[in-house]
>>> print(open('start-v3.txt').read())   # compact mmCIF, C-alpha atoms
# COMPACT_ATOMS: atom_id res chain seq x y z
CA MET A 1 -2.87 40.61 30.25
CA LEU A 2 -0.10 38.45 28.75
CA HIS A 3 -0.71 36.16 25.83
CA PRO A 4 -0.69 32.54 27.16
CA VAL A 5 2.29 31.56 24.94
CA LEU A 6 4.29 34.55 26.14
CA GLU A 7 3.39 33.93 29.77
CA ARG A 8 4.35 30.24 29.51
CA ASP A 9 7.69 31.20 27.95
CA ARG A 10 8.53 33.64 30.73
CA ARG A 11 7.28 31.42 33.55
CA ALA A 12 9.44 28.54 32.35
CA THR A 13 12.51 30.79 32.56
CA VAL A 14 11.60 32.29 35.94
CA SER A 15 10.84 28.91 37.52
CA TYR A 16 14.02 27.37 36.17
CA LEU A 17 16.35 30.11 37.42
CA ALA A 18 14.66 30.45 40.80
CA GLY A 19 14.63 26.70 41.40
CA ALA A 20 18.29 26.27 40.52
CA ALA A 21 19.29 29.20 42.76
CA GLN A 22 17.34 27.79 45.71
CA ARG A 23 18.81 24.31 45.29
CA LEU A 24 22.31 25.79 45.06
CA ALA A 25 21.84 27.68 48.33
CA GLY A 26 20.75 24.45 50.02
CA LEU A 27 23.87 22.62 48.83
CA LEU A 28 26.41 25.10 50.21
CA PRO A 29 26.11 23.96 53.86
CA GLN A 30 26.50 20.34 52.74
CA LEU A 31 29.83 21.13 51.09
CA GLU A 32 31.12 22.33 54.46
CA VAL A 33 30.85 18.85 55.99
CA ASP A 34 32.86 17.19 53.21
CA ALA A 35 29.84 15.50 51.71
CA ASP A 36 30.17 12.78 49.13
CA ILE A 37 30.89 13.24 45.45
CA GLU A 38 27.18 13.51 44.61
CA VAL A 39 26.77 16.77 46.55
CA LEU A 40 29.68 18.37 44.70
CA HIS A 41 28.25 17.13 41.41
CA ARG A 42 24.84 18.67 42.16
CA PHE A 43 26.51 21.92 43.24
CA ARG A 44 28.32 22.15 39.92
CA VAL A 45 25.21 21.19 37.93
CA GLU A 46 23.10 23.95 39.50
CA LEU A 47 25.77 26.54 38.77
CA ARG A 48 25.94 25.33 35.17
CA ARG A 49 22.17 25.39 34.81
CA ILE A 50 22.03 28.99 35.95
CA ARG A 51 24.96 30.04 33.81
CA THR A 52 23.54 28.31 30.73
CA ALA A 53 20.21 30.09 31.09
CA LEU A 54 21.89 33.44 31.74
CA LYS A 55 24.19 33.07 28.74
CA ALA A 56 21.48 31.84 26.38
CA LEU A 57 18.74 34.24 27.47
CA GLY A 58 20.79 37.09 28.88
CA GLN A 59 19.77 39.72 26.36
CA PHE A 60 16.11 38.92 26.98
CA LEU A 61 16.12 38.87 30.80
CA PRO A 62 15.08 41.83 32.97
CA VAL A 63 18.22 41.31 35.09
CA ALA A 64 21.08 43.78 35.52
CA ASP A 65 24.62 42.80 34.50
CA VAL A 66 23.62 39.35 33.24
CA ALA A 67 26.94 38.66 31.50
CA GLU A 68 28.91 39.51 34.65
CA LEU A 69 26.61 37.32 36.77
CA ALA A 70 27.16 34.41 34.37
CA ASP A 71 30.93 34.93 34.63
CA GLU A 72 30.71 34.78 38.42
CA CYS A 73 28.88 31.45 38.18
CA ARG A 74 31.66 30.22 35.94
CA TRP A 75 34.26 31.37 38.46
CA LEU A 76 32.70 29.46 41.36
CA ALA A 77 32.11 26.34 39.29
CA GLY A 78 35.73 26.50 38.15
CA ARG A 79 36.93 26.58 41.75
CA SER A 80 35.34 23.16 42.26
CA GLY A 81 36.71 21.53 39.10
CA GLY A 82 39.97 20.26 40.59
CA LEU A 83 38.21 18.67 43.56
CA ARG A 84 35.66 17.05 41.27
CA ASP A 85 38.37 15.50 39.05
CA LEU A 86 40.21 14.09 42.08
CA ASP A 87 37.03 12.72 43.66
CA VAL A 88 36.15 10.92 40.42
CA PHE A 89 39.70 9.57 40.09
CA LEU A 90 39.70 8.25 43.66
CA GLN A 91 36.30 6.69 43.10
CA ARG A 92 37.37 5.08 39.85
CA LEU A 93 40.73 3.98 41.27
CA THR A 94 38.93 1.28 43.22
CA ASP A 95 37.60 -0.07 39.94
CA TYR A 96 40.87 0.44 38.07
CA ALA A 97 43.02 -1.36 40.62
CA GLU A 98 40.73 -3.29 42.94
CA SER A 99 42.97 -6.33 42.81
CA LEU A 100 46.12 -4.21 43.23
CA ASP A 101 45.30 -2.34 46.44
CA SER A 102 48.20 -4.05 48.17
CA ASP A 103 50.59 -2.84 45.46
CA PRO A 104 52.94 -0.15 46.93
CA ALA A 105 52.62 1.96 43.76
CA VAL A 106 48.83 2.01 44.00
CA ARG A 107 48.96 2.92 47.68
CA THR A 108 51.43 5.71 46.91
CA LEU A 109 49.16 7.00 44.16
CA ARG A 110 46.12 6.94 46.44
CA ARG A 111 48.00 8.89 49.14
CA ALA A 112 49.16 11.46 46.59
CA LEU A 113 45.64 11.94 45.25
CA THR A 114 44.27 12.26 48.79
CA ARG A 115 46.78 15.01 49.58
CA MET A 116 45.88 16.82 46.37
CA ARG A 117 42.20 16.46 47.22
CA TYR A 118 42.75 18.03 50.64
CA ARG A 119 44.35 21.09 49.04
CA GLU A 120 41.62 21.41 46.41
CA ARG A 121 38.89 21.10 49.04
CA ARG A 122 40.46 23.83 51.16
CA ALA A 123 40.66 26.09 48.10
CA LEU A 124 37.01 25.48 47.24
CA LEU A 125 35.80 26.15 50.79
CA SER A 126 37.87 29.33 50.91
CA SER A 127 36.16 30.50 47.75
CA CYS A 128 32.69 29.52 48.99
CA ARG A 129 33.25 31.47 52.22
CA SER A 130 34.54 34.57 50.45
CA LEU A 131 32.73 37.88 50.15
CA ARG A 132 32.71 37.37 46.38
CA ALA A 133 30.78 34.12 46.70
CA HIS A 134 28.44 35.63 49.30
CA ARG A 135 27.56 38.46 46.93
CA LEU A 136 27.06 36.01 44.10
CA MET A 137 24.63 33.95 46.17
CA GLN A 138 22.69 37.09 47.12
CA ARG A 139 22.35 38.03 43.47
CA LEU A 140 21.27 34.52 42.53
CA GLN A 141 18.65 34.46 45.27
CA SER A 142 17.21 37.66 43.84
CA LEU A 143 16.33 35.65 40.71
CA ALA A 144 13.46 34.19 42.75
CA GLU A 145 11.88 37.65 42.68
CA LEU A 146 11.61 37.63 38.89
CA SER A 147 8.08 37.79 37.54
CA PRO A 148 6.68 37.27 34.04
CA TYR A 149 5.12 40.72 34.47
CA ASN A 150 8.34 42.62 35.22
CA PRO A 151 9.24 45.34 32.72
CA GLY A 152 12.17 44.51 30.44
CA TRP A 153 11.02 41.22 28.95
CA PRO A 154 10.91 40.97 25.14
CA ALA A 155 7.54 41.32 23.47
CA ARG A 156 7.82 37.88 21.88
CA ALA A 157 8.51 34.31 23.01
CA VAL A 158 12.22 33.58 22.58
CA ASN A 159 12.89 30.19 24.16
CA ARG A 160 12.18 28.26 20.95
CA ASP A 161 14.81 30.29 19.08
CA VAL A 162 17.31 29.77 21.91
CA LEU A 163 16.72 26.02 21.79
CA ARG A 164 17.13 25.97 18.02
CA HIS A 165 20.47 27.77 18.33
CA ALA A 166 21.70 25.36 21.01
CA LEU A 167 20.68 22.36 18.91
CA GLY A 168 22.49 23.77 15.88
CA SER A 169 25.66 24.16 17.95
CA VAL A 170 25.50 20.51 19.06
CA LEU A 171 24.90 19.28 15.52
CA ARG A 172 27.79 21.31 14.06
CA ARG A 173 30.19 20.04 16.70
CA GLY A 174 28.93 16.49 16.44
CA ARG A 175 29.30 16.32 12.66
CA ALA A 176 32.90 17.50 12.95
CA ILE A 177 33.88 14.59 15.25
CA SER A 178 35.96 11.82 13.67
CA ASP A 179 38.27 9.02 14.76
CA LEU A 180 41.09 11.59 14.75
CA SER A 181 39.34 14.12 17.01
CA GLU A 182 41.35 15.36 19.98
CA PRO A 183 39.99 15.07 23.55
CA LEU A 184 39.42 18.84 23.62
CA GLU A 185 37.05 18.60 20.64
CA LEU A 186 35.01 15.91 22.36
CA HIS A 187 35.03 17.95 25.55
CA GLU A 188 33.62 20.95 23.66
CA LEU A 189 30.89 18.75 22.20
CA ARG A 190 30.07 17.49 25.68
CA LYS A 191 29.72 21.04 26.99
CA ARG A 192 27.32 21.95 24.20
CA CYS A 193 25.31 18.81 24.90
CA LYS A 194 24.99 19.91 28.52
CA ARG A 195 23.80 23.36 27.51
CA LEU A 196 21.17 21.93 25.20
CA ARG A 197 20.01 19.48 27.87
CA TYR A 198 19.65 22.20 30.51
CA LEU A 199 17.62 24.34 28.13
CA LEU A 200 15.42 21.36 27.32
CA GLU A 201 14.89 20.78 31.06
CA MET A 202 13.54 24.31 31.30
CA HIS A 203 10.64 23.26 29.07
CA ALA A 204 9.79 19.97 30.73
CA PRO A 205 9.96 20.57 34.51
CA ASP A 206 7.04 18.23 35.23
CA GLY A 207 7.79 15.65 32.56
CA ASP A 208 4.60 16.64 30.75
CA GLU A 209 6.15 16.74 27.27
CA PRO A 210 7.18 13.18 26.28
CA GLU A 211 9.25 14.22 23.26
CA ILE A 212 11.37 16.61 25.31
CA VAL A 213 11.75 14.06 28.12
CA ALA A 214 12.92 11.46 25.59
CA ALA A 215 15.40 13.92 24.09
CA ILE A 216 16.78 14.72 27.55
CA ARG A 217 17.22 11.00 28.22
CA ARG A 218 19.18 10.54 24.98
CA MET A 219 21.32 13.60 25.74
CA ARG A 220 22.20 12.16 29.16
CA LYS A 221 23.34 8.90 27.59
CA LEU A 222 25.56 10.74 25.13
CA GLN A 223 26.93 12.95 27.90
CA ASN A 224 27.79 9.89 29.99
CA VAL A 225 29.87 8.42 27.17
CA LEU A 226 31.61 11.73 26.50
CA GLY A 227 32.07 12.26 30.24
CA ASP A 228 33.78 8.91 30.72
CA TYR A 229 36.14 9.70 27.87
CA GLN A 230 36.94 13.11 29.37
CA ASP A 231 37.56 11.56 32.80
CA PHE A 232 40.03 9.06 31.31
CA ALA A 233 41.87 11.88 29.51
CA THR A 234 41.98 13.96 32.71
CA HIS A 235 43.22 11.04 34.79
CA ALA A 236 46.00 10.38 32.29
CA GLN A 237 47.12 13.99 32.65
CA LEU A 238 47.04 13.72 36.45
CA LEU A 239 49.17 10.59 36.32
CA GLN A 240 51.71 12.30 34.07
>>> encode(input="start-v3.txt", output="structure tokens")
Amino acid sequence: MLHPVLERDRRATVSYLAGAAQRLAGLLPQLEVDADIEVLHRFRVELRRIRTALKALGQFLPVADVAELADECRWLAGRSGGLRDLDVFLQRLTDYAESLDSDPAVRTLRRALTRMRYRERRALLSSCRSLRAHRLMQRLQSLAELSPYNPGWPARAVNRDVLRHALGSVLRRGRAISDLSEPLELHELRKRCKRLRYLLEMHAPDGDEPEIVAAIRRMRKLQNVLGDYQDFATHAQLLQ
């Protein structure tokens, strides 16, 4: 019989990983039909959620080759990064140059971005259809078979310590930011904010902990600001 605190700790992890893996599997067919930017975003988010949990809790999970599984999630998410950047740029281009759509330079830019998007989409679909991706999805689906009673779990609750470590990482990065910070430094802070938010989500799946829900809301707002800044930096590089 597990102690209630220990069982709650393990069940939060199991439910989080299994749910993300199931949602990811449901999104793959939608990518095939060239769905809108939101589907790609959700696809990337689920991969990041799984990878974050595997990286943060890997040594405590009764799962074989956790580090390698996390790396495979990173590989597939990375294959979608170029398409995501181009989709966001094309979406924002309407806002950037709404009154200039008749300008030949803007039309030329839009055509160039569309061609680049076509290539990136083909590359992503090729990766998603590969044997490597198929094996990854099989391994992720096996996460649904995890149980709080499986052998291999630690004998103590660990999620609180993992959260404390993630929070410390965000605070250290945040305190180092200044007016002179480079885009890469802000991007690193944004990534750590995402990791902390995903780990917080693990502990408030039903919104039953108001303090955690409020913290997640604040993290999203900060991520949105950092995300806009990163998009502008990425679009400047694409234009160059």
>>> closest_residue(input="start-v3.txt", among="A:Leu113, A:Ala233, A:Ala20, A:Leu76", to="Arg129 (chain A)", atoms="all atoms listed in the file")
A:Leu76
>>> atom_distance(input="start-v3.txt", atom1="CA of Arg111 (chain A)", atom2="CA of Asp95 (chain A)")
16.5 Å
>>> residues_near_point(input="start-v3.txt", point="(18.8, 41.4, 38.3)", cutoff="7 Å", atoms="all atoms listed in the file", output="list in words")
Pro62, Val63, Ala64, Ser142 and Leu143 of chain A
>>> residues_near_point(input="start-v3.txt", point="(19.1, 26.7, 35.3)", cutoff="10 Å", atoms="all atoms listed in the file", output="short mmCIF file (atom, residue, chain, number, x, y, z; two decimals) with C-alpha atoms, keeping the file's coordinate frame")
data_model
loop_
_atom_site.label_atom_id
_atom_site.label_comp_id
_atom_site.auth_asym_id
_atom_site.auth_seq_id
_atom_site.Cartn_x
_atom_site.Cartn_y
_atom_site.Cartn_z
CA THR A 13 12.51 30.79 32.56
CA VAL A 14 11.60 32.29 35.94
CA SER A 15 10.84 28.91 37.52
CA TYR A 16 14.02 27.37 36.17
CA LEU A 17 16.35 30.11 37.42
CA ALA A 18 14.66 30.45 40.80
CA GLY A 19 14.63 26.70 41.40
CA ALA A 20 18.29 26.27 40.52
CA ALA A 21 19.29 29.20 42.76
CA VAL A 45 25.21 21.19 37.93
CA GLU A 46 23.10 23.95 39.50
CA LEU A 47 25.77 26.54 38.77
CA ARG A 48 25.94 25.33 35.17
CA ARG A 49 22.17 25.39 34.81
CA ILE A 50 22.03 28.99 35.95
CA ARG A 51 24.96 30.04 33.81
CA THR A 52 23.54 28.31 30.73
CA ALA A 53 20.21 30.09 31.09
CA LEU A 54 21.89 33.44 31.74
CA ARG A 195 23.80 23.36 27.51
CA TYR A 198 19.65 22.20 30.51
CA LEU A 199 17.62 24.34 28.13
CA GLU A 201 14.89 20.78 31.06
CA MET A 202 13.54 24.31 31.30
#
>>> atom_distance(input="start-v3.txt", atom1="CA of Arg10 (chain A)", atom2="CA of Gly168 (chain A)")
22.6 Å
>>> closest_residue(input="start-v3.txt", among="A:Leu239, A:Leu136, A:Val5, A:Met219", to="Leu93 (chain A)", atoms="all atoms listed in the file")
A:Leu239
>>> residues_around(input="start-v3.txt", residues="Leu189 (chain A)", least_positions_apart="5", cutoff="7 Å", atoms="only C-alpha atoms", output="list in words")
Val170, Arg173 and Gly174 of chain A
>>> closest_residue(input="start-v3.txt", among="A:Gln230, A:Asp161, A:Val106, A:Leu140", to="Cys73 (chain A)", atoms="only C-alpha atoms")
A:Leu140
>>> closest_residue(input="start-v3.txt", among="A:His41, A:Glu185, A:Ala77, A:His203", to="Asn159 (chain A)", atoms="all atoms listed in the file")
A:His203
>>> closest_residue(input="start-v3.txt", among="A:Leu167, A:Ala204, A:Leu186, A:Leu86", to="His235 (chain A)", atoms="all atoms listed in the file")
A:Leu86
>>> atom_distance(input="start-v3.txt", atom1="CA of Arg23 (chain A)", atom2="CA of Leu2 (chain A)")
28.8 Å
